[in-house]
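data_14.cif follows (mmCIF, C-alpha atoms and all ligand atoms):
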data_upload
#
loop_
_atom_site.label_atom_id
_atom_site.label_comp_id
_atom_site.auth_asym_id
_atom_site.auth_seq_id
_atom_site.Cartn_x
_atom_site.Cartn_y
_atom_site.Cartn_z
CA MET R 1 2.13 -24.28 24.75
CA GLU R 2 -0.72 -23.48 27.09
CA LEU R 3 -4.19 -22.07 26.54
CA VAL R 4 -4.69 -19.15 28.90
CA ASN R 5 -7.91 -17.34 29.69
CA VAL R 6 -7.48 -13.66 28.80
CA GLU R 7 -9.31 -12.59 31.98
CA SER R 8 -6.65 -14.32 34.06
CA ILE R 9 -3.81 -12.31 32.54
CA GLN R 10 -2.79 -9.37 34.69
CA GLU R 11 -1.82 -6.07 33.18
CA ASN R 12 1.98 -5.83 32.76
CA SER R 13 2.51 -9.53 33.35
CA ARG R 14 5.25 -11.05 31.21
CA TYR R 15 6.10 -14.48 29.86
CA THR R 16 9.34 -16.09 28.78
CA GLY R 17 7.74 -17.08 25.46
CA GLU R 18 5.28 -15.66 22.96
CA ILE R 19 1.61 -14.93 23.44
CA THR R 20 -0.30 -15.69 20.25
CA ILE R 21 -3.82 -16.09 18.93
CA ASP R 22 -4.27 -19.57 17.44
CA GLY R 23 -0.51 -20.14 17.68
CA ASN R 24 -0.12 -17.86 14.70
CA LEU R 25 -0.87 -14.21 15.29
CA LEU R 26 1.67 -12.68 17.64
CA VAL R 27 0.06 -10.67 20.43
CA CYS R 28 3.06 -10.07 22.66
CA GLY R 29 6.73 -10.94 22.35
CA PRO R 30 8.82 -12.85 24.92
CA GLY R 31 9.66 -10.84 28.02
CA LEU R 32 7.41 -7.94 27.11
CA PRO R 33 4.60 -6.71 29.34
CA VAL R 34 1.02 -7.41 28.35
CA THR R 35 -0.31 -3.88 28.26
CA ALA R 36 -3.77 -2.62 29.19
CA GLY R 37 -4.19 -1.75 25.51
CA THR R 38 -3.42 -5.31 24.47
CA LEU R 39 -5.93 -6.73 26.96
CA ALA R 40 -8.57 -4.21 25.86
CA ALA R 41 -7.98 -5.08 22.19
CA LEU R 42 -8.34 -8.82 22.87
CA GLU R 43 -11.59 -8.17 24.71
CA GLU R 44 -12.89 -5.89 21.96
CA TRP R 45 -12.17 -8.50 19.28
CA GLY R 46 -13.80 -11.24 21.29
CA PHE R 47 -10.73 -13.36 22.07
CA THR R 48 -11.26 -15.06 25.41
CA GLU R 49 -8.20 -17.33 25.21
CA VAL R 50 -4.66 -16.96 23.94
CA GLN R 51 -1.83 -19.45 23.50
CA VAL R 52 1.22 -18.91 25.64
CA THR R 53 4.60 -20.52 25.28
CA GLY R 54 7.06 -20.46 28.15
CA GLN R 55 6.44 -19.50 31.74
CA ALA R 56 5.06 -16.44 33.47
CA ILE R 57 7.84 -14.21 34.74
CA GLU R 58 7.30 -13.63 38.43
CA LYS R 59 6.60 -10.31 40.09
CA PRO R 60 5.20 -8.43 37.17
CA GLY R 61 5.86 -4.78 37.83
CA ALA R 62 4.67 -1.54 36.37
CA GLU R 63 8.16 -1.03 34.95
CA GLY R 64 7.54 -4.00 32.65
CA ALA R 65 9.97 -4.24 29.81
CA ALA R 66 12.45 -1.95 31.45
CA GLU R 67 13.30 -4.77 33.86
CA ASN R 68 13.77 -7.27 31.12
CA PRO R 69 17.45 -7.85 30.45
CA VAL R 70 16.71 -9.66 27.20
CA LYS R 71 16.11 -7.65 24.07
CA PRO R 72 13.83 -10.01 22.21
CA ALA R 73 13.78 -10.00 18.43
CA ALA R 74 10.06 -9.31 18.51
CA GLU R 75 10.41 -6.22 20.64
CA SER R 76 9.50 -3.68 18.04
CA ALA R 77 6.60 -5.80 16.87
CA ALA R 78 5.24 -6.31 20.29
CA PRO R 79 2.24 -4.91 22.02
CA LEU R 80 -0.97 -4.38 20.10
CA GLN R 81 -1.18 -0.87 21.48
CA PRO R 82 1.60 1.37 22.64
CA GLU R 83 1.76 1.47 26.35
CA PRO R 84 2.50 4.58 28.35
CA GLU R 85 6.00 3.52 29.36
CA GLN R 86 6.96 2.88 25.73
CA LYS R 87 6.05 6.35 24.59
CA PRO R 88 8.98 8.75 24.22
CA ALA R 89 10.28 9.52 27.67
CA GLN R 90 10.18 13.05 29.01
CA PRO R 91 13.59 14.57 28.38
CA SER R 92 15.75 15.04 31.43
CA GLU R 93 17.48 18.35 32.10
CA LYS R 94 20.62 17.10 30.43
CA GLU R 95 18.92 15.60 27.41
CA ALA R 96 17.94 17.76 24.47
CA PRO R 97 14.39 17.14 23.23
CA PRO R 98 14.16 15.15 20.01
CA PRO R 99 14.51 17.47 17.03
CA GLU R 100 11.21 18.73 15.65
CA ARG R 101 10.69 17.93 11.99
CA THR R 102 10.97 21.19 10.13
CA VAL R 103 8.59 20.05 7.42
CA LEU R 104 5.05 19.43 8.58
CA PRO R 105 2.31 17.70 6.61
CA ALA R 106 0.33 20.96 6.52
CA GLU R 107 3.19 22.76 4.78
CA LYS R 108 3.47 20.05 2.14
CA ALA R 109 -0.31 20.10 1.68
CA ALA R 110 -0.04 23.82 0.88
CA GLU R 111 2.65 23.07 -1.73
CA ILE R 112 0.37 20.51 -3.37
CA ARG R 113 -2.39 23.08 -3.68
CA ILE R 114 0.08 25.39 -5.45
CA ALA R 115 1.39 22.62 -7.72
CA LEU R 116 -2.14 21.76 -8.74
CA ARG R 117 -2.62 25.17 -10.30
CA GLN R 118 -0.50 23.86 -13.16
CA MET R 119 -3.31 21.48 -13.90
CA VAL R 120 -5.86 24.15 -14.73
CA ASP R 121 -7.32 23.38 -18.14
CA PHE R 122 -5.04 20.35 -18.33
CA LYS R 123 -7.35 18.57 -20.75
CA ASP R 124 -7.57 21.47 -23.16
CA SER R 125 -3.97 22.48 -22.79
CA LYS R 126 -1.84 22.64 -25.90
CA SER R 127 0.98 21.05 -23.94
CA THR R 128 2.68 18.11 -25.63
CA GLU R 129 2.29 14.61 -24.23
CA LYS R 130 5.77 14.91 -22.77
CA GLU R 131 4.92 18.19 -21.04
CA LYS R 132 1.68 16.78 -19.63
CA GLN R 133 3.57 13.77 -18.31
CA ALA R 134 6.10 16.12 -16.65
CA ILE R 135 3.28 18.10 -14.97
CA VAL R 136 1.69 14.92 -13.58
CA GLN R 137 5.11 13.67 -12.46
CA SER R 138 5.66 16.89 -10.49
CA ILE R 139 2.27 16.49 -8.80
CA TYR R 140 3.10 12.87 -7.93
CA ASP R 141 6.44 14.00 -6.47
CA LYS R 142 4.67 16.63 -4.35
CA TYR R 143 2.32 13.98 -2.97
CA ILE R 144 5.33 11.82 -2.07
CA GLU R 145 6.82 14.76 -0.17
CA TYR R 146 3.51 15.21 1.65
CA LEU R 147 3.39 11.52 2.60
CA ASP R 148 7.03 11.68 3.67
CA ALA R 149 6.16 14.55 6.03
CA LEU R 150 3.09 12.65 7.30
CA PHE R 151 4.95 9.37 7.94
CA SER R 152 8.09 11.04 9.30
CA ARG R 153 6.04 13.05 11.75
CA TYR R 154 4.41 9.87 13.00
CA ASP R 155 7.72 8.02 13.02
CA SER R 156 9.49 10.63 15.13
CA ARG R 157 6.68 11.97 17.30
CA LYS R 158 4.05 9.19 17.31
CA ASP R 159 1.66 11.90 16.22
CA LEU R 160 -0.29 11.34 13.03
CA GLN R 161 -1.17 14.86 11.85
CA HIS R 162 -3.88 13.95 9.42
CA GLN R 163 -6.06 17.06 9.40
CA GLU R 164 -5.22 17.73 5.75
CA LEU R 165 -5.39 14.10 4.64
CA PRO R 166 -9.09 14.01 3.59
CA GLU R 167 -8.61 17.16 1.51
CA MET R 168 -5.40 15.82 -0.04
CA VAL R 169 -7.13 12.57 -0.98
CA LYS R 170 -10.14 14.46 -2.33
CA ILE R 171 -7.76 16.44 -4.55
CA LEU R 172 -6.04 13.20 -5.53
CA GLU R 173 -9.42 11.83 -6.64
CA GLY R 174 -9.66 14.71 -9.13
CA VAL R 175 -6.07 14.15 -10.28
CA VAL R 176 -6.70 10.43 -10.80
CA SER R 177 -9.92 11.14 -12.66
CA SER R 178 -8.42 13.65 -15.08
CA THR R 179 -4.85 12.42 -15.53
CA ARG R 180 -5.08 8.67 -14.97
CA ARG R 181 -3.35 7.88 -18.24
CA TYR R 182 -0.30 9.93 -17.21
CA LEU R 183 -0.43 9.05 -13.53
CA LEU R 184 -0.03 5.36 -14.34
CA GLN R 185 3.20 6.19 -16.17
CA VAL R 186 4.96 8.23 -13.48
CA GLN R 187 8.35 7.18 -12.24
CA PRO R 188 8.45 6.21 -8.55
CA ALA R 189 10.36 8.78 -6.52
CA ALA R 190 14.02 7.86 -6.05
CA LEU R 191 14.24 7.15 -2.33
CA ASP R 192 16.12 4.78 -0.11
CA PRO R 193 14.49 1.30 -0.15
CA GLN R 194 12.67 1.71 3.17
CA ARG R 195 11.15 5.09 2.32
CA SER R 196 10.39 3.91 -1.21
CA TYR R 197 8.48 0.93 0.15
CA LEU R 198 6.46 3.03 2.56
CA LEU R 199 5.82 6.02 0.30
CA ASN R 200 5.86 4.94 -3.36
CA HIS R 201 3.97 1.75 -2.52
CA ALA R 202 1.37 3.71 -0.56
CA LEU R 203 0.76 6.29 -3.27
CA ARG R 204 0.88 3.99 -6.30
CA SER R 205 -1.42 1.47 -4.57
CA THR R 206 -3.82 4.30 -3.73
CA VAL R 207 -3.96 5.51 -7.33
CA ILE R 208 -4.83 1.97 -8.47
CA ALA R 209 -7.33 1.48 -5.63
CA MET R 210 -9.09 4.73 -6.53
CA ILE R 211 -9.23 3.75 -10.22
CA ILE R 212 -10.87 0.47 -9.19
CA GLY R 213 -13.23 2.32 -6.84
CA MET R 214 -14.25 4.70 -9.62
CA GLN R 215 -14.95 1.78 -11.93
CA MET R 216 -17.14 0.30 -9.18
CA ALA R 217 -19.03 3.61 -9.02
CA LEU R 218 -18.20 4.36 -5.39
CA THR R 219 -19.41 7.77 -4.24
CA SER R 220 -16.86 10.53 -3.88
CA ALA R 221 -17.09 10.31 -0.08
CA LYS R 222 -16.38 6.56 -0.22
CA LEU R 223 -13.49 7.10 -2.65
CA VAL R 224 -11.88 9.51 -0.20
CA GLU R 225 -12.25 6.99 2.64
CA LEU R 226 -10.83 4.25 0.42
CA GLY R 227 -7.91 6.51 -0.50
CA ILE R 228 -7.13 7.30 3.13
CA SER R 229 -7.29 3.63 4.05
CA CYS R 230 -4.97 2.66 1.20
CA ILE R 231 -2.46 5.46 1.80
CA LEU R 232 -2.14 4.29 5.41
CA HIS R 233 -2.55 0.54 4.90
CA GLU R 234 1.11 -0.26 5.65
CA ILE R 235 1.67 2.29 8.42
CA GLY R 236 2.00 -0.57 10.93
CA MET R 237 5.28 -1.47 9.19
CA ILE R 238 6.84 1.60 10.79
CA ARG R 239 6.88 -0.36 14.05
CA LEU R 240 8.62 -3.37 12.51
CA PRO R 241 12.30 -3.83 11.61
CA PRO R 242 12.68 -2.83 7.90
CA ASP R 243 14.58 -6.07 7.24
CA LEU R 244 11.28 -7.90 7.58
CA TYR R 245 9.73 -6.30 4.52
CA LEU R 246 12.83 -5.33 2.53
CA SER R 247 15.11 -8.29 2.87
CA ALA R 248 15.72 -10.62 -0.06
CA LYS R 249 16.26 -13.58 2.26
CA LYS R 250 13.54 -16.08 3.00
CA LEU R 251 11.81 -15.21 6.26
CA THR R 252 11.84 -17.64 9.15
CA ASP R 253 8.52 -18.70 10.67
CA GLN R 254 9.16 -16.33 13.56
CA GLU R 255 9.82 -13.43 11.19
CA LYS R 256 6.67 -14.25 9.22
CA LYS R 257 4.70 -14.10 12.45
CA GLN R 258 6.19 -10.71 13.23
CA LEU R 259 5.38 -9.42 9.75
CA SER R 260 1.83 -10.72 9.91
CA ILE R 261 1.01 -8.41 12.78
CA HIS R 262 1.45 -5.21 10.72
CA PRO R 263 -2.26 -4.90 9.77
CA LEU R 264 -3.11 -5.05 13.46
CA LEU R 265 -0.44 -2.49 14.35
CA GLY R 266 -1.76 -0.21 11.61
CA TYR R 267 -5.31 -0.69 12.84
CA ASN R 268 -4.31 0.40 16.33
CA ILE R 269 -2.37 3.43 15.11
CA LEU R 270 -5.37 4.63 13.10
CA LYS R 271 -7.87 3.78 15.82
CA GLU R 272 -5.96 5.97 18.26
CA SER R 273 -6.10 8.74 15.68
CA GLY R 274 -9.88 8.53 15.35
CA PHE R 275 -10.33 7.21 11.80
CA SER R 276 -13.69 5.77 10.70
CA PRO R 277 -14.50 2.05 11.07
CA SER R 278 -14.46 1.48 7.30
CA ILE R 279 -10.95 2.96 7.03
CA LEU R 280 -9.84 0.79 9.98
CA ARG R 281 -11.27 -2.39 8.41
CA GLY R 282 -9.52 -1.66 5.12
CA VAL R 283 -6.18 -1.55 6.95
CA LEU R 284 -6.88 -4.49 9.28
CA GLN R 285 -8.10 -6.86 6.55
CA HIS R 286 -5.93 -5.96 3.54
CA HIS R 287 -4.08 -9.32 3.69
CA GLU R 288 -7.18 -11.46 4.07
CA LYS R 289 -8.06 -13.66 1.09
CA GLU R 290 -11.38 -14.82 -0.33
CA ASP R 291 -10.75 -18.48 0.57
CA GLY R 292 -9.68 -17.73 4.14
CA SER R 293 -5.97 -18.35 3.53
CA GLY R 294 -4.92 -14.78 4.38
CA TYR R 295 -4.08 -13.09 7.67
CA PRO R 296 -4.43 -12.02 10.44
CA TYR R 297 -7.86 -13.58 11.02
CA ARG R 298 -8.23 -15.92 8.02
CA ILE R 299 -11.69 -14.57 7.35
CA LYS R 300 -13.44 -15.36 4.08
CA GLY R 301 -15.48 -13.74 1.32
CA ASP R 302 -18.15 -11.37 2.52
CA LYS R 303 -16.57 -11.12 5.96
CA ILE R 304 -13.84 -9.05 4.30
CA SER R 305 -14.68 -5.39 3.76
CA LEU R 306 -14.89 -3.97 0.24
CA PHE R 307 -12.09 -1.50 0.99
CA ALA R 308 -9.83 -4.35 2.09
CA LYS R 309 -10.66 -6.36 -1.05
CA ILE R 310 -9.79 -3.37 -3.26
CA ILE R 311 -6.61 -2.54 -1.33
CA SER R 312 -5.53 -6.19 -1.54
CA VAL R 313 -5.74 -6.18 -5.35
CA ALA R 314 -4.24 -2.69 -5.75
CA CYS R 315 -1.41 -3.40 -3.32
CA THR R 316 -0.51 -6.72 -5.00
CA TYR R 317 -0.66 -5.18 -8.47
CA GLU R 318 1.64 -2.40 -7.28
CA ALA R 319 4.05 -4.83 -5.65
CA ILE R 320 4.38 -6.96 -8.79
CA THR R 321 4.99 -3.93 -11.02
CA SER R 322 7.60 -2.37 -8.72
CA ALA R 323 11.29 -3.03 -8.39
CA ARG R 324 12.41 -3.95 -4.91
CA ALA R 325 15.87 -4.47 -3.48
CA TYR R 326 15.36 -8.21 -4.05
CA LYS R 327 13.49 -8.27 -7.37
CA ASP R 328 13.04 -6.55 -10.72
CA LYS R 329 9.73 -5.03 -11.64
CA GLU R 330 7.35 -7.01 -13.82
CA SER R 331 5.13 -5.65 -16.57
CA ALA R 332 1.62 -4.41 -15.81
CA HIS R 333 0.28 -7.06 -18.19
CA LYS R 334 2.02 -9.80 -16.24
CA ALA R 335 0.67 -8.39 -12.95
CA THR R 336 -2.86 -8.49 -14.35
CA VAL R 337 -2.43 -12.07 -15.52
CA GLU R 338 -0.98 -13.10 -12.14
CA LEU R 339 -3.95 -11.58 -10.32
CA LEU R 340 -6.42 -13.21 -12.72
CA LYS R 341 -4.93 -16.62 -11.89
CA ASN R 342 -6.00 -16.15 -8.28
CA THR R 343 -9.37 -14.54 -8.86
CA GLY R 344 -12.00 -16.15 -6.67
CA ASN R 345 -9.63 -17.89 -4.29
CA HIS R 346 -7.54 -14.86 -3.30
CA TYR R 347 -9.14 -11.86 -4.94
CA ASP R 348 -12.77 -10.79 -5.18
CA LYS R 349 -14.29 -11.34 -8.63
CA GLU R 350 -16.08 -8.01 -8.81
CA VAL R 351 -12.97 -6.12 -7.78
CA MET R 352 -10.92 -7.99 -10.38
CA ARG R 353 -13.53 -7.24 -13.03
CA ALA R 354 -13.26 -3.54 -12.15
CA LEU R 355 -9.46 -3.74 -12.38
CA LEU R 356 -9.68 -5.42 -15.75
CA PHE R 357 -12.12 -2.92 -17.21
CA SER R 358 -10.35 0.12 -15.77
CA LEU R 359 -6.73 -0.85 -16.43
CA SER R 360 -7.38 -3.30 -19.32
CA LEU R 361 -5.85 -6.70 -19.86
CA TYR R 362 -3.11 -4.74 -21.63
CA PRO R 363 -2.49 -1.81 -19.26
CA ILE R 364 -1.26 1.58 -20.42
CA GLY R 365 2.40 1.47 -21.38
CA THR R 366 2.31 -2.20 -22.44
CA TYR R 367 4.06 -2.92 -25.76
CA VAL R 368 2.00 -5.29 -27.91
CA PHE R 369 1.91 -7.06 -31.28
CA LEU R 370 -1.26 -6.49 -33.29
CA SER R 371 -2.99 -8.99 -35.54
CA ASP R 372 -1.80 -7.07 -38.64
CA GLY R 373 1.81 -7.72 -37.63
CA LYS R 374 2.52 -4.18 -36.39
CA ALA R 375 3.95 -3.27 -33.02
CA ALA R 376 2.22 -0.69 -30.83
CA VAL R 377 2.12 0.67 -27.31
CA VAL R 378 -1.08 0.86 -25.29
CA VAL R 379 -1.95 4.50 -24.56
CA ASP R 380 -5.46 4.22 -23.16
CA VAL R 381 -8.05 1.71 -22.02
CA ASN R 382 -11.24 0.83 -23.85
CA SER R 383 -13.87 0.89 -21.13
CA LYS R 384 -16.16 -1.34 -23.20
CA ASP R 385 -13.69 -4.16 -23.77
CA PRO R 386 -10.55 -4.81 -21.70
CA LYS R 387 -9.07 -6.91 -24.51
CA ARG R 388 -9.25 -4.10 -27.06
CA PRO R 389 -7.23 -1.11 -25.81
CA VAL R 390 -6.33 2.15 -27.55
CA VAL R 391 -2.84 1.90 -29.02
CA GLN R 392 -0.24 4.07 -30.66
CA LEU R 393 1.51 2.52 -33.66
CA LEU R 394 5.24 2.58 -33.13
CA LYS R 395 6.47 3.02 -36.68
CA GLU R 396 3.71 5.08 -38.28
CA LYS R 397 2.56 8.67 -37.89
CA GLU R 398 -0.36 10.71 -39.16
CA SER R 399 0.32 12.85 -42.24
CA SER R 400 0.48 15.83 -39.84
CA GLY R 401 3.33 14.14 -38.02
CA ALA R 402 1.18 13.45 -34.95
CA PRO R 403 1.30 10.00 -33.36
CA LYS R 404 -1.04 7.49 -35.02
CA ILE R 405 -3.49 6.35 -32.35
CA ILE R 406 -6.18 3.74 -33.01
CA THR R 407 -8.70 1.79 -30.99
CA THR R 408 -8.30 -1.92 -31.62
CA GLY R 409 -11.46 -3.76 -32.54
CA GLY R 410 -13.11 -5.62 -35.38
CA ASP R 411 -10.44 -7.58 -37.25
CA LEU R 412 -7.63 -5.66 -35.58
CA ARG R 413 -6.84 -7.12 -32.21
CA VAL R 414 -3.96 -7.46 -29.80
CA LEU R 415 -2.19 -10.77 -30.37
CA ARG R 416 0.00 -10.63 -27.29
CA ALA R 417 2.12 -8.46 -25.03
CA LEU R 418 5.79 -8.24 -25.90
CA THR R 419 8.28 -9.89 -23.60
CA PRO R 420 10.64 -7.58 -21.64
CA ASP R 421 13.46 -8.44 -24.09
CA GLU R 422 11.28 -7.69 -27.11
CA THR R 423 10.14 -4.43 -25.52
CA ALA R 424 13.74 -3.39 -24.81
CA GLY R 425 14.71 -4.28 -28.41
CA ILE R 426 11.88 -2.23 -29.91
CA LYS R 427 12.59 0.74 -27.68
CA LYS R 428 16.22 0.62 -28.73
CA SER R 429 15.37 0.42 -32.43
CA LEU R 430 13.04 3.43 -32.04
CA GLU R 431 15.83 5.46 -30.52
CA GLY R 432 17.79 4.88 -33.75
CA PRO R 433 21.57 5.04 -34.21
CA ARG R 434 23.32 7.31 -31.79
FE FE A 501 0.48 -5.13 4.10
#

Mind turning this structure into structure tokens?
Amino acid sequence: MELVNVESIQENSRYTGEITIDGNLLVCGPGLPVTAGTLAALEEWGFTEVQVTGQAIEKPGAEGAAENPVKPAAESAAPLQPEPEQKPAQPSEKEAPPPERTVLPAEKAAEIRIALRQMVDFKDSKSTEKEKQAIVQSIYDKYIEYLDALFSRYDSRKDLQHQELPEMVKILEGVVSSTRRYLLQVQPAALDPQRSYLLNHALRSTVIAMIIGMQMALTSAKLVELGISCILHEIGMIRLPPDLYLSAKKLTDQEKKQLSIHPLLGYNILKESGFSPSILRGVLQHHEKEDGSGYPYRIKGDKISLFAKIISVACTYEAITSARAYKDKESAHKATVELLKNTGNHYDKEVMRALLFSLSLYPIGTYVFLSDGKAAVVVDVNSKDPKRPVVQLLKEKESSGAPKIITTGGDLRVLRALTPDETAGIKKSLEGPR
């Protein structure tokens, strides 16, 4: 390994080994050309030296990677910025142009506006709980279709059509504000694992991030920026092999290095598309941790932007409560407890406090035992006390037949959350004999 001055590296030069920052953060893979974009990014971020393994490959040419007979594993993770020769080539006379996506983000945005008409007077509607849940589910599904169009367009054309995104996130802010209780209970869209990771994770994390942001009294303009940053926080993954973030197998050190570059890839994608600095920082720093043990820059505490701190908590909460190809989903209560264990060292205390007060220690949908021996399900948060949520008793109804809903407090408190087995048993007993 050799320390090399960035100024001495020529554009399009290549090395037999990796170029990294601090031996950890991959800047350029073996055999790949160091692009002008990569050099500009290093200069912008103030890196004057990089670590290089292997030898310089002689006669660096403008053709760069095209001359390289080796297809390195890190190829798709490589340069910090796309270089001209890696952009889709102009089609030759014989080659048909790549097929245009028939569904554009703008079309899906229009469908969302139509779907939202169902929400008029949602609060005062006489719709049943089940019907309200179905309406919110349909809105969630429309947003997933919009994100699918947005990501697919970028994936196939390297063109992030985000003109409608601020408006879509502004509308989402209203949806989150008025239907949070239902939105937290929606079923993730049934997609293949890669799309599910990119789309369901993006949208569910954004809902949670916006709930936290609202609890922290962010202005509407800031909430929209936070939402945009969170929706796009994993967009860098599009440039990585899906196996890196979907595989159940333990990653090698090399694979971890590749994965750790995704915030930087996302930052560059959004920077090219003209997003604001606060949105960029949210994406770039969403894996940083309070104690400096995160990545890519291992920055600490107040060096991490508020958006990144919120996205970090929201994204982790979402990941714990979601099923993946390699794991079952955990309860929202367990996710909250897991996050609390790392408050201060990984997660910001104020952000965690906002999560706790907005989602409760016993989040909506959690089955609990009460101190009077009854079982209940949490149906709403108590903004004054995260330990005392609003619950619906499972085996009692009002004389009118309506569900019996009470706010815990005084002598009546939540003893504990039910285990997954206990929850499954209670749900089964409520269904009754078939
Ligand atoms: Fe990430």

Top pick for closest residue to Thr419 (chain R), considering R:Lys334, R:Lys341, R:Arg353, R:His286 and counting only C-alpha atoms: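 When distances to Thr419 (chain R) are compared using only C-alpha atoms, the smallest one comes from R:Lys334.
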
Give me the chain R side of the contact with ligand FE 501 (chain A), cut-off 9 Å, one line per residue showing its nearest atom pair and distance in Å at one decimal, counting all atoms listed in the file, sorted by chain and residue number, as a tab-separated table.
residue	atom	partner	partner_atom	distance
R:His233	CA	A:FE501	FE	6.5
R:Glu234	CA	A:FE501	FE	5.1
R:Ile235	CA	A:FE501	FE	8.7
R:Gly236	CA	A:FE501	FE	8.4
R:Met237	CA	A:FE501	FE	7.9
R:Leu259	CA	A:FE501	FE	8.6
R:Ser260	CA	A:FE501	FE	8.2
R:His262	CA	A:FE501	FE	6.7
R:Pro263	CA	A:FE501	FE	6.3
R:Val283	CA	A:FE501	FE	8.1
R:His286	CA	A:FE501	FE	6.5
R:His287	CA	A:FE501	FE	6.2
R:Ser312	CA	A:FE501	FE	8.3
R:Cys315	CA	A:FE501	FE	7.8

List the spatial neighbours of Arg181 (chain R) as a ChimeraX atom specification - criterion: any atom at most 9 Å away, only C-alpha atoms, same-chain residues fewer than 4 positions off excluded. /R:176,185,364,379-381

From the set R:Val224, R:Leu418, R:Leu203, R:Ile279, which residue has the shortest atom-to-atom contact distance to Leu370 (chain R), counting all atoms listed in the file?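 Comparing R:Val224, R:Leu418, R:Leu203, R:Ile279 against Leu370 (chain R), the winner is R:Leu418.
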
Distance query 12 Å from (6.0, 13.3, 6.8) using all atoms listed in the file, result as a PDB file with C-alpha atoms, in the frame of the given file:
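Saved to selection.pdb:
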ATOM      1  CA  GLU R 100      11.210  18.730  15.650  1.00  0.00           C
ATOM      2  CA  ARG R 101      10.690  17.930  11.990  1.00  0.00           C
ATOM      3  CA  THR R 102      10.970  21.190  10.130  1.00  0.00           C
ATOM      4  CA  VAL R 103       8.590  20.050   7.420  1.00  0.00           C
ATOM      5  CA  LEU R 104       5.050  19.430   8.580  1.00  0.00           C
ATOM      6  CA  PRO R 105       2.310  17.700   6.610  1.00  0.00           C
ATOM      7  CA  ALA R 106       0.330  20.960   6.520  1.00  0.00           C
ATOM      8  CA  GLU R 107       3.190  22.760   4.780  1.00  0.00           C
ATOM      9  CA  LYS R 108       3.470  20.050   2.140  1.00  0.00           C
ATOM     10  CA  ALA R 109      -0.310  20.100   1.680  1.00  0.00           C
ATOM     11  CA  LYS R 142       4.670  16.630  -4.350  1.00  0.00           C
ATOM     12  CA  TYR R 143       2.320  13.980  -2.970  1.00  0.00           C
ATOM     13  CA  ILE R 144       5.330  11.820  -2.070  1.00  0.00           C
ATOM     14  CA  GLU R 145       6.820  14.760  -0.170  1.00  0.00           C
ATOM     15  CA  TYR R 146       3.510  15.210   1.650  1.00  0.00           C
ATOM     16  CA  LEU R 147       3.390  11.520   2.600  1.00  0.00           C
ATOM     17  CA  ASP R 148       7.030  11.680   3.670  1.00  0.00           C
ATOM     18  CA  ALA R 149       6.160  14.550   6.030  1.00  0.00           C
ATOM     19  CA  LEU R 150       3.090  12.650   7.300  1.00  0.00           C
ATOM     20  CA  PHE R 151       4.950   9.370   7.940  1.00  0.00           C
ATOM     21  CA  SER R 152       8.090  11.040   9.300  1.00  0.00           C
ATOM     22  CA  ARG R 153       6.040  13.050  11.750  1.00  0.00           C
ATOM     23  CA  TYR R 154       4.410   9.870  13.000  1.00  0.00           C
ATOM     24  CA  ASP R 155       7.720   8.020  13.020  1.00  0.00           C
ATOM     25  CA  SER R 156       9.490  10.630  15.130  1.00  0.00           C
ATOM     26  CA  ARG R 157       6.680  11.970  17.300  1.00  0.00           C
ATOM     27  CA  LYS R 158       4.050   9.190  17.310  1.00  0.00           C
ATOM     28  CA  ASP R 159       1.660  11.900  16.220  1.00  0.00           C
ATOM     29  CA  LEU R 160      -0.290  11.340  13.030  1.00  0.00           C
ATOM     30  CA  GLN R 161      -1.170  14.860  11.850  1.00  0.00           C
ATOM     31  CA  HIS R 162      -3.880  13.950   9.420  1.00  0.00           C
ATOM     32  CA  LEU R 165      -5.390  14.100   4.640  1.00  0.00           C
ATOM     33  CA  ARG R 195      11.150   5.090   2.320  1.00  0.00           C
ATOM     34  CA  LEU R 198       6.460   3.030   2.560  1.00  0.00           C
ATOM     35  CA  LEU R 199       5.820   6.020   0.300  1.00  0.00           C
ATOM     36  CA  ILE R 235       1.670   2.290   8.420  1.00  0.00           C
TER      37      ILE R 235
END
